[in-house]
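See below for the structure under consideration.
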2 protein chains.
Amino acid sequence: MAIVHEVVVRLVVALLVVTLLSGPICIFGKQSQSALRFDRNGEFRILQVADMHYADGKTTPCKDVLPEQVPGCSDLNTTAFLKRMILAFHPHLIVFTGDNIFASDATDAASSMNAGFAPAVSANIPWVAVLGNHDQESTLSREGVMKHIVGMKNTLSQLNPPEVHVIDGFGNYNLEIHGIEGSSFANKSVLNLYFLDSGDYSTVPSIHGYGWIKPSQQLWFQRTSMKLRRAYMSKPEAQKAPAPGLVYFHIPLPEYSSFDSSNFTGVKQENISSPSVNSGFFTTMVEAGDVKAVFTGHDHVNDFCGELTGIHLCYAGGFGYHAYGKAGWARRARVVVASMEKTEKGGWGTVKSIKTWKHLDDEKLTAIEGQVLWSKSSVGNASSLVP
Amino acid sequence: MAIVHEVVVRLVVALLVVTLLSGPICIFGKQSQSALRFDRNGEFRILQVADMHYADGKTTPCKDVLPEQVPGCSDLNTTAFLKRMILAFHPHLIVFTGDNIFASDATDAASSMNAGFAPAVSANIPWVAVLGNHDQESTLSREGVMKHIVGMKNTLSQLNPPEVHVIDGFGNYNLEIHGIEGSSFANKSVLNLYFLDSGDYSTVPSIHGYGWIKPSQQLWFQRTSMKLRRAYMSKPEAQKAPAPGLVYFHIPLPEYSSFDSSNFTGVKQENISSPSVNSGFFTTMVEAGDVKAVFTGHDHVNDFCGELTGIHLCYAGGFGYHAYGKAGWARRARVVVASMEKTEKGGWGTVKSIKTWKHLDDEKLTAIEGQVLWSKSSVGNASSLVP
């Protein structure tokens with residue numbers, strides 16, 4: 001009996017040790033699986049695809065194109081543009097910022113998503129998506145749409161942060177972009193990406209219009225930002241300021257109305273369709289101190305970037321051919337390129353600059369309106385940025 | 001040995017039972033101790049005291065009074081006004097909405113608070129306080145000031161909600177006002193009061209000016225409001241809409257700038273000194289759906305109430321004689337009276353109406369500008385409200 005007892009005790013102890021160890025092992029496993037990092041040339045490239053409005057593919061016609069473009073124009077033009085952008089820009093990450101499917105015209109939400117995201121999936125490139133205000137209008141709820149996305153191949157999208165039990169919306173998560181493999185920043189997040197669900201429509205009778213980012217989401221963002229800041233400013237390679245952050249969601253903030261052509265780059269050809277109320281997320285981001293730029297979609301024929309209190313507020317401009325647009329004004333995509341600095345010893349350091357521009361869906365995928373969003377020392381000259 | 005063993009086991013079990021029971025017993029004890037309820041005449045009366053700016057008492061001179069008022073005028077005039085208001089209005093609760101002491105002139109923060117709050121303490125009336133932007137400028141930090149307040153006699157102030165581990169500021173809490181003793185609402189909160197710390201100054205270099213209510217505070221408010229709504233709309237006496245809520249803090253929200261004399265009651269004699277950013281608390285309150293009015297201080301010579309999206313935004317007007325003011329424009333206090341409805345069977349029901357007006361510190365404590373903030377059916381006629 002005593003031997004049996006000892007065996008049982010040892011088994012329990014062994015199980016406990018395994019359980020305790022497997023926690024961190026699992027966590028590391030998950031992290032390395034999803035680890036994004038700067039490439040060996042010191043770049044991290046992000047392609048933003050706003051408002052694909054994908055529906056049923058070949059049978060879904062284009063909207064707002066020139067008369068000569070109408071024949072044969074369909075969702076497949078959106079697919080072709082995405083494929084060309086992937087081949088030309090070689091993104092390390094593709095971000096779909098909502099209204100990925102135009103669900104009221106989509107016969108089956110899952111099929112539309114599968115077809116819309118297909119170029120990203122088959123190119124074997126990590127991709128993520130957030131929800132717009134139209135994604136839930138077909139056969140799946142917002143939760144259902146986000147769950148489908150999370151289950152797709154090559155995506156790093158997440159339903160919601162695991163450590164938060166109650167958060168508004170679906171698809172609030174963040175990604176850490178690590179330094180170059182083999183460099184002293186290989187295990188540190190040097191660029192932080194945040195993705196949020198900006199909702200669809202107000203459910204409050206006395207507030208009309210679009211949804212907004214809620215306190216539960218802001219608190220999650222705030223705490224995540226603080227946690228990342230602490231890690232970045234701690235040893236090894238303790239930094240003096242937080243790593244730059246970029247935020248992606250669908251509906252523009254009320255602060256997007258702060259600009260006119262005198263203080264933005266790009267165009268404003270329609271009203272800013274932000275929520276009719278201010279839910280304070282801009283303030284929360286300014287307070288967090290790490291966010292350098294916000295990227296939304298929603299208003300297809302606005303594509304400007306304007307800077308307010310140290311944060312650039314950027315539109316992507318409409319990407320999808322089944323989305324409303326402006327005939328003769330090319331569909332477009334916004335890209336972001338973050339670049340690493342070389343250290344004095346010739347190794348790789350942290351992020352030196354973050355630039356953005358747009359590519360038009362024309363023959364040459366013409367790049368326009370390059371600008372520096374942030375640089376480690378000071379904001380540089382915007383000229384000669386376009387590759 | 002077996003007997004000893006049994007005795008030990010029984011002792012442990014007994015201790016466990018006592019421990020388990022003592023939890024709820026303690027909680028009930030705390031609740032009944034702090035239970036506020038409508039009086040036997042169906043009223044609950046709240047006296048708001050804004051910006052006492054108490055310093056050293058008799059030796060602290062008055063500011064901005066008429067030349068003939070200057071001799072002998074001091075903090076004691078503030079004390080006298082408070083004593084007279086207590087005697088005349090018989091409040092069930094006194095709310096001090098910050099800048100309770102003008103700390104840069106107060107030799108000792110604790111002594112100034114003891115002297116300033118003394119009329120409430122000695123009248124044996126429940127009272128609460130929140131922090132303004134000046135309270136921490138003397139010998140105590142904001143936390144120290146709030147801890148001192150919480151330790152004082154007859155106060156229901158709390159440092160922060162016990163169930164929240166990280167919340168910004170000091171002095172975020174709520175009070176439930178129960179129905180009339182013996183009525184079927186005796187154990188239900190029929191009127192909810194929320195108190196928040198609106199901060200002092202921005203600590204973000206790119207944002208100038210005053211502090212603001214943060215996401216952590218808004219989430220606490222939102223969850224508290226939801227919990228209260230659920231309880232009120234559940235059996236027994238399940239109601240169809242949430243109980244009305246009133247919110248008290250120091251610094252006015254940016255939305256206070258939405259009004260002019262055409263759509264408010266009272267006066268606006270200085271700019272709205274809200275934070276330079278919008279942190280979304282107004283949106284959060286509208287979404288919560290129970291808040292009928294917000295009461296702040298901070299701008300001493302504004303005393304208006306204006307309604308926006310179903311919420312009245314009210315100033316109290318300056319109360320304290322050591323606070324800046326306007327000579328010839330009387331120091332004043334805002335009061336709120338919530339009234340119960342009679343049921344068809346002649347018993348007491350829930351809250352029927354919430355009214356407000358101001359009392360001037362003149363010979364007759366003249367009541368001015370009465371208005372209905374909320375009524376269960378529809379907003380009534382504002383005339384003949386002033387008692």
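To be explicit about the labels: the chains of the structure tokens are called A, B, and onward in the order shown, and within each one the residues are counted from 1, while ligands get numbers from 1 in the order they are shown.
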Original post:
What's the 10 Å shell around Ala118 of chain B, counting only C-alpha atoms, without same-chain residues fewer than 3 positions away, as a ChimeraX atom specification?
Top reply: /B:79,82-83,112-115,121-124,152-153
With N, CA and C atoms kept, could you save the residues just selected as a CSV table (one decimal), in the first residue's frame?
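Saved as again.csv:
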```csv
chain,number,residue,atom,x,y,z
B,79,THR,N,-19.8,78.9,5.9
B,79,THR,CA,-20.4,78.0,6.9
B,79,THR,C,-21.8,78.4,7.3
B,82,LEU,N,-24.3,77.4,4.6
B,82,LEU,CA,-24.6,76.0,4.7
B,82,LEU,C,-25.5,75.6,5.8
B,83,LYS,N,-25.2,76.2,7.0
B,83,LYS,CA,-26.1,76.0,8.2
B,83,LYS,C,-27.5,76.4,7.9
B,112,SER,N,-9.0,72.2,7.0
B,112,SER,CA,-9.9,72.9,6.1
B,112,SER,C,-11.1,72.1,5.8
B,113,MET,N,-10.9,70.8,5.5
B,113,MET,CA,-12.0,69.9,5.3
B,113,MET,C,-12.9,69.7,6.5
B,114,ASN,N,-12.3,69.5,7.6
B,114,ASN,CA,-13.1,69.4,8.9
B,114,ASN,C,-14.0,70.6,9.1
B,115,ALA,N,-13.4,71.8,8.9
B,115,ALA,CA,-14.2,73.0,9.1
B,115,ALA,C,-15.2,73.2,8.0
B,121,VAL,N,-21.7,67.5,9.1
B,121,VAL,CA,-21.3,66.5,10.1
B,121,VAL,C,-22.2,66.7,11.4
B,122,SER,N,-22.2,68.0,11.8
B,122,SER,CA,-22.9,68.2,13.1
B,122,SER,C,-24.4,68.2,13.0
B,123,ALA,N,-24.9,68.3,11.8
B,123,ALA,CA,-26.4,68.2,11.6
B,123,ALA,C,-26.8,66.8,11.5
B,124,ASN,N,-25.9,65.9,11.5
B,124,ASN,CA,-26.2,64.4,11.5
B,124,ASN,C,-26.9,64.1,10.2
B,152,MET,N,-14.5,60.5,7.6
B,152,MET,CA,-15.2,61.5,8.4
B,152,MET,C,-16.6,61.0,8.9
B,153,LYS,N,-17.1,61.7,9.8
B,153,LYS,CA,-18.4,61.2,10.4
B,153,LYS,C,-19.6,61.5,9.5
```
Subject >> Distance-based interface of chain A with chain B, 7 Å, counting only C-alpha atoms, as a PyMOL selection string >> reply: chain A and resi 204+206+215-216+218-219+277-280+283+287+309
Original post:
Counting only C-alpha atoms, what is within 10 Å of Ser184 of chain B, bar same-chain residues fewer than 4 positions away, as number ranges by chain?
Top reply: B: 179-180, 188, 236-237, 347-350
Original post:
Which of these, B:Met285, B:Leu36, B:Ile177, B:Leu131, has the shortest distance to Gly211 of chain B once you count only C-alpha atoms?
Top reply: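 Checking each candidate against Gly211 of chain B, we get B:Leu131 as the closest.
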Surrounding residues of Gln48 of chain B excluding itself and chain neighbours under 2 positions, 9 Å, only C-alpha atoms, as a JSON list (two decimals) with all heavy atoms, in the first residue's frame:
```json
[["chain", "number", "residue", "atom", "x", "y", "z"],
["B", 46, "ILE", "N", -32.01, 66.61, -2.09],
["B", 46, "ILE", "CA", -30.55, 66.66, -2.19],
["B", 46, "ILE", "C", -30.10, 68.12, -2.28],
["B", 46, "ILE", "O", -30.60, 68.89, -3.10],
["B", 46, "ILE", "CB", -30.04, 65.91, -3.44],
["B", 46, "ILE", "CG1", -30.55, 64.46, -3.45],
["B", 46, "ILE", "CG2", -28.51, 65.94, -3.52],
["B", 46, "ILE", "CD1", -30.29, 63.72, -4.76],
["B", 50, "ALA", "N", -21.42, 73.50, -4.30],
["B", 50, "ALA", "CA", -20.35, 73.50, -5.29],
["B", 50, "ALA", "C", -19.29, 74.53, -4.94],
["B", 50, "ALA", "O", -19.61, 75.68, -4.62],
["B", 50, "ALA", "CB", -20.92, 73.79, -6.68],
["B", 93, "LEU", "N", -29.66, 64.36, 1.87],
["B", 93, "LEU", "CA", -28.27, 64.11, 1.47],
["B", 93, "LEU", "C", -27.66, 65.44, 1.01],
["B", 93, "LEU", "O", -28.31, 66.22, 0.31],
["B", 93, "LEU", "CB", -28.23, 63.10, 0.31],
["B", 93, "LEU", "CG", -26.84, 62.75, -0.24],
["B", 93, "LEU", "CD1", -26.06, 61.90, 0.77],
["B", 93, "LEU", "CD2", -26.95, 62.00, -1.57],
["B", 94, "ILE", "N", -26.43, 65.68, 1.44],
["B", 94, "ILE", "CA", -25.70, 66.85, 0.96],
["B", 94, "ILE", "C", -24.56, 66.35, 0.07],
["B", 94, "ILE", "O", -23.82, 65.44, 0.46],
["B", 94, "ILE", "CB", -25.12, 67.68, 2.12],
["B", 94, "ILE", "CG1", -26.25, 68.07, 3.10],
["B", 94, "ILE", "CG2", -24.40, 68.92, 1.61],
["B", 94, "ILE", "CD1", -25.75, 68.74, 4.37],
["B", 95, "VAL", "N", -24.45, 66.94, -1.12],
["B", 95, "VAL", "CA", -23.39, 66.54, -2.05],
["B", 95, "VAL", "C", -22.45, 67.71, -2.28],
["B", 95, "VAL", "O", -22.86, 68.76, -2.79],
["B", 95, "VAL", "CB", -23.98, 66.08, -3.40],
["B", 95, "VAL", "CG1", -22.86, 65.60, -4.33],
["B", 95, "VAL", "CG2", -25.01, 64.98, -3.21],
["B", 96, "PHE", "N", -21.19, 67.54, -1.89],
["B", 96, "PHE", "CA", -20.17, 68.56, -2.14],
["B", 96, "PHE", "C", -19.44, 68.17, -3.42],
["B", 96, "PHE", "O", -18.78, 67.13, -3.47],
["B", 96, "PHE", "CB", -19.18, 68.61, -0.97],
["B", 96, "PHE", "CG", -19.80, 69.02, 0.35],
["B", 96, "PHE", "CD1", -20.33, 68.08, 1.21],
["B", 96, "PHE", "CD2", -19.85, 70.36, 0.72],
["B", 96, "PHE", "CE1", -20.90, 68.44, 2.43],
["B", 96, "PHE", "CE2", -20.42, 70.75, 1.93],
["B", 96, "PHE", "CZ", -20.95, 69.78, 2.79],
["B", 97, "THR", "N", -19.59, 69.01, -4.46],
["B", 97, "THR", "CA", -19.09, 68.60, -5.78],
["B", 97, "THR", "C", -17.70, 69.15, -6.13],
["B", 97, "THR", "O", -17.44, 69.52, -7.26],
["B", 97, "THR", "CB", -20.10, 68.99, -6.89],
["B", 97, "THR", "OG1", -20.43, 70.37, -6.74],
["B", 97, "THR", "CG2", -21.34, 68.15, -6.83],
["B", 295, "PHE", "N", -24.82, 66.96, -12.58],
["B", 295, "PHE", "CA", -24.62, 68.18, -11.79],
["B", 295, "PHE", "C", -23.14, 68.41, -11.54],
["B", 295, "PHE", "O", -22.47, 67.56, -10.94],
["B", 295, "PHE", "CB", -25.35, 68.06, -10.44],
["B", 295, "PHE", "CG", -26.82, 67.81, -10.58],
["B", 295, "PHE", "CD1", -27.32, 66.52, -10.57],
["B", 295, "PHE", "CD2", -27.70, 68.87, -10.78],
["B", 295, "PHE", "CE1", -28.68, 66.28, -10.72],
["B", 295, "PHE", "CE2", -29.06, 68.64, -10.93],
["B", 295, "PHE", "CZ", -29.55, 67.34, -10.90],
["B", 316, "ALA", "N", -24.28, 74.23, -10.59],
["B", 316, "ALA", "CA", -24.89, 74.62, -9.32],
["B", 316, "ALA", "C", -24.76, 76.13, -9.08],
["B", 316, "ALA", "O", -25.57, 76.73, -8.39],
["B", 316, "ALA", "CB", -24.23, 73.87, -8.18],
["B", 333, "ALA", "N", -26.97, 77.75, -4.06],
["B", 333, "ALA", "CA", -26.90, 76.29, -3.96],
["B", 333, "ALA", "C", -28.00, 75.70, -4.83],
["B", 333, "ALA", "O", -29.09, 76.26, -4.94],
["B", 333, "ALA", "CB", -27.13, 75.85, -2.52],
["B", 334, "ARG", "N", -27.69, 74.58, -5.48],
["B", 334, "ARG", "CA", -28.73, 73.90, -6.27],
["B", 334, "ARG", "C", -29.32, 72.76, -5.43],
["B", 334, "ARG", "O", -28.60, 72.03, -4.76],
["B", 334, "ARG", "CB", -28.15, 73.33, -7.57],
["B", 334, "ARG", "CG", -29.20, 72.63, -8.43],
["B", 334, "ARG", "CD", -28.69, 72.24, -9.79],
["B", 334, "ARG", "NE", -28.50, 73.34, -10.70],
["B", 334, "ARG", "CZ", -29.49, 73.99, -11.33],
["B", 334, "ARG", "NH1", -30.77, 73.66, -11.12],
["B", 334, "ARG", "NH2", -29.22, 74.98, -12.16],
["B", 335, "VAL", "N", -30.62, 72.66, -5.48],
["B", 335, "VAL", "CA", -31.28, 71.56, -4.78],
["B", 335, "VAL", "C", -32.04, 70.69, -5.78],
["B", 335, "VAL", "O", -32.40, 71.15, -6.88],
["B", 335, "VAL", "CB", -32.24, 72.05, -3.68],
["B", 335, "VAL", "CG1", -31.49, 72.85, -2.63],
["B", 335, "VAL", "CG2", -33.39, 72.87, -4.27],
["B", 336, "VAL", "N", -32.25, 69.45, -5.40],
["B", 336, "VAL", "CA", -33.03, 68.51, -6.20],
["B", 336, "VAL", "C", -34.05, 67.88, -5.25],
["B", 336, "VAL", "O", -33.71, 67.51, -4.13],
["B", 336, "VAL", "CB", -32.12, 67.42, -6.81],
["B", 336, "VAL", "CG1", -32.93, 66.20, -7.26],
["B", 336, "VAL", "CG2", -31.31, 67.98, -7.98]]
```
**OP:** as an NGL selection string, please: all residues of segment 178-313 of chain A that backbone DSSP puts in helix (DSSP H, G or I).
**Re:** :A and (215-232 or 254-258 or 281-288)
Original post:
With only C-alpha atoms as the basis for distance, which of B:Ser258, B:Ser274, B:Thr78, B:Ser183 is at the shortest distance from Tyr201 of chain B?
Top reply: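 Counting only C-alpha atoms, the residue closest to Tyr201 of chain B is B:Ser274.
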Subject >> Using only C-alpha atoms: which of A:His208, A:His90, A:His178, A:Lys292 has the shortest distance to Phe38 of chain A >> reply: A:His178
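For the atom pair formed by atom CA of Thr296 of chain B and atom CA of His250 of chain B, the distance is 4.8 Å, given to one decimal.
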Original post:
Taking into account only C-alpha atoms, which residue in the set A:Asp135, A:Asp51, A:Glu363, A:Glu369 is nearest to Phe304 of chain A?
Top reply: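 The answer is A:Glu369, which sits nearest to Phe304 of chain A.
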**OP:** Based on DSSP run over this structure's backbone, return all residues of segment 142-324 of chain B in strand (DSSP E), as a PyMOL selection string.
**Re:** chain B and resi 173-178+189-195+245-248+264-265+291-296+305-308+311-315
C-alpha atoms of the current selection, written as a PDB file, in the first residue's frame:
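Ended up saving to again.pdb:
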```pdb
ATOM      1  CA  TYR B 173     -18.980  55.352  -6.147  1.00  0.00           C
ATOM      2  CA  ASN B 174     -22.752  55.145  -6.235  1.00  0.00           C
ATOM      3  CA  LEU B 175     -25.635  55.336  -3.791  1.00  0.00           C
ATOM      4  CA  GLU B 176     -28.976  53.600  -4.019  1.00  0.00           C
ATOM      5  CA  ILE B 177     -32.004  55.461  -2.715  1.00  0.00           C
ATOM      6  CA  HIS B 178     -34.641  53.005  -1.607  1.00  0.00           C
ATOM      7  CA  SER B 189     -33.324  51.286  -5.310  1.00  0.00           C
ATOM      8  CA  VAL B 190     -35.777  53.684  -6.968  1.00  0.00           C
ATOM      9  CA  LEU B 191     -33.291  56.520  -7.505  1.00  0.00           C
ATOM     10  CA  ASN B 192     -29.617  56.019  -8.293  1.00  0.00           C
ATOM     11  CA  LEU B 193     -26.868  58.489  -7.587  1.00  0.00           C
ATOM     12  CA  TYR B 194     -23.451  58.242  -9.203  1.00  0.00           C
ATOM     13  CA  PHE B 195     -20.368  60.148  -8.070  1.00  0.00           C
ATOM     14  CA  GLY B 245     -30.212  58.245 -12.186  1.00  0.00           C
ATOM     15  CA  LEU B 246     -28.433  61.472 -11.238  1.00  0.00           C
ATOM     16  CA  VAL B 247     -24.692  61.988 -11.713  1.00  0.00           C
ATOM     17  CA  TYR B 248     -22.460  64.320  -9.697  1.00  0.00           C
ATOM     18  CA  PHE B 264     -31.240  76.689 -20.895  1.00  0.00           C
ATOM     19  CA  THR B 265     -32.596  77.890 -17.573  1.00  0.00           C
ATOM     20  CA  VAL B 291     -29.322  59.163 -16.283  1.00  0.00           C
ATOM     21  CA  LYS B 292     -31.706  62.112 -16.235  1.00  0.00           C
ATOM     22  CA  ALA B 293     -29.360  64.849 -15.062  1.00  0.00           C
ATOM     23  CA  VAL B 294     -25.701  65.674 -14.433  1.00  0.00           C
ATOM     24  CA  PHE B 295     -24.619  68.181 -11.785  1.00  0.00           C
ATOM     25  CA  THR B 296     -21.229  69.875 -11.772  1.00  0.00           C
ATOM     26  CA  CYS B 305     -29.443  73.645 -16.692  1.00  0.00           C
ATOM     27  CA  GLY B 306     -29.810  72.659 -20.347  1.00  0.00           C
ATOM     28  CA  GLU B 307     -31.184  69.450 -21.814  1.00  0.00           C
ATOM     29  CA  LEU B 308     -29.366  67.443 -24.494  1.00  0.00           C
ATOM     30  CA  ILE B 311     -30.036  64.418 -20.136  1.00  0.00           C
ATOM     31  CA  HIS B 312     -30.072  67.734 -18.269  1.00  0.00           C
ATOM     32  CA  LEU B 313     -26.606  69.218 -17.836  1.00  0.00           C
ATOM     33  CA  CYS B 314     -26.659  71.468 -14.769  1.00  0.00           C
ATOM     34  CA  TYR B 315     -24.323  73.809 -12.971  1.00  0.00           C
TER      35      TYR B 315
END
```
Subject >> Counting only C-alpha atoms, the residue of A:Trp374, A:Tyr321, A:Phe185, A:Tyr210 that sits nearest Thr343 of chain A >> reply: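 Using only C-alpha atoms, the shortest distance to Thr343 of chain A belongs to A:Phe185.
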Subject >> Minimum-distance residue to Asn154 of chain A, chosen among A:Ser104, A:His92, A:Arg37, A:Ala367 (using only C-alpha atoms) >> reply: A:His92
Original post:
Can you tell me, as a VMD selection string, what residues are no more than 12 Å from His359 of chain A when counting only C-alpha atoms, ignoring any on the same chain fewer than 2 positions away?
Top reply: chain A and resid 47 to 49 81 to 82 84 to 86 88 to 89 303 316 to 319 330 to 336 356 to 357 361 to 370 386 to 387
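Going from atom CA of Pro244 of chain B over to atom CA of Arg40 of chain B, you cover 19.8 Å.
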**OP:** Work out how far apart atom CA of Gly266 of chain A and atom CA of Ile354 of chain A are and give it in Å to one decimal.
**Re:**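 If I compute the distance from atom CA of Gly266 of chain A to atom CA of Ile354 of chain A, I get 17.5 Å.
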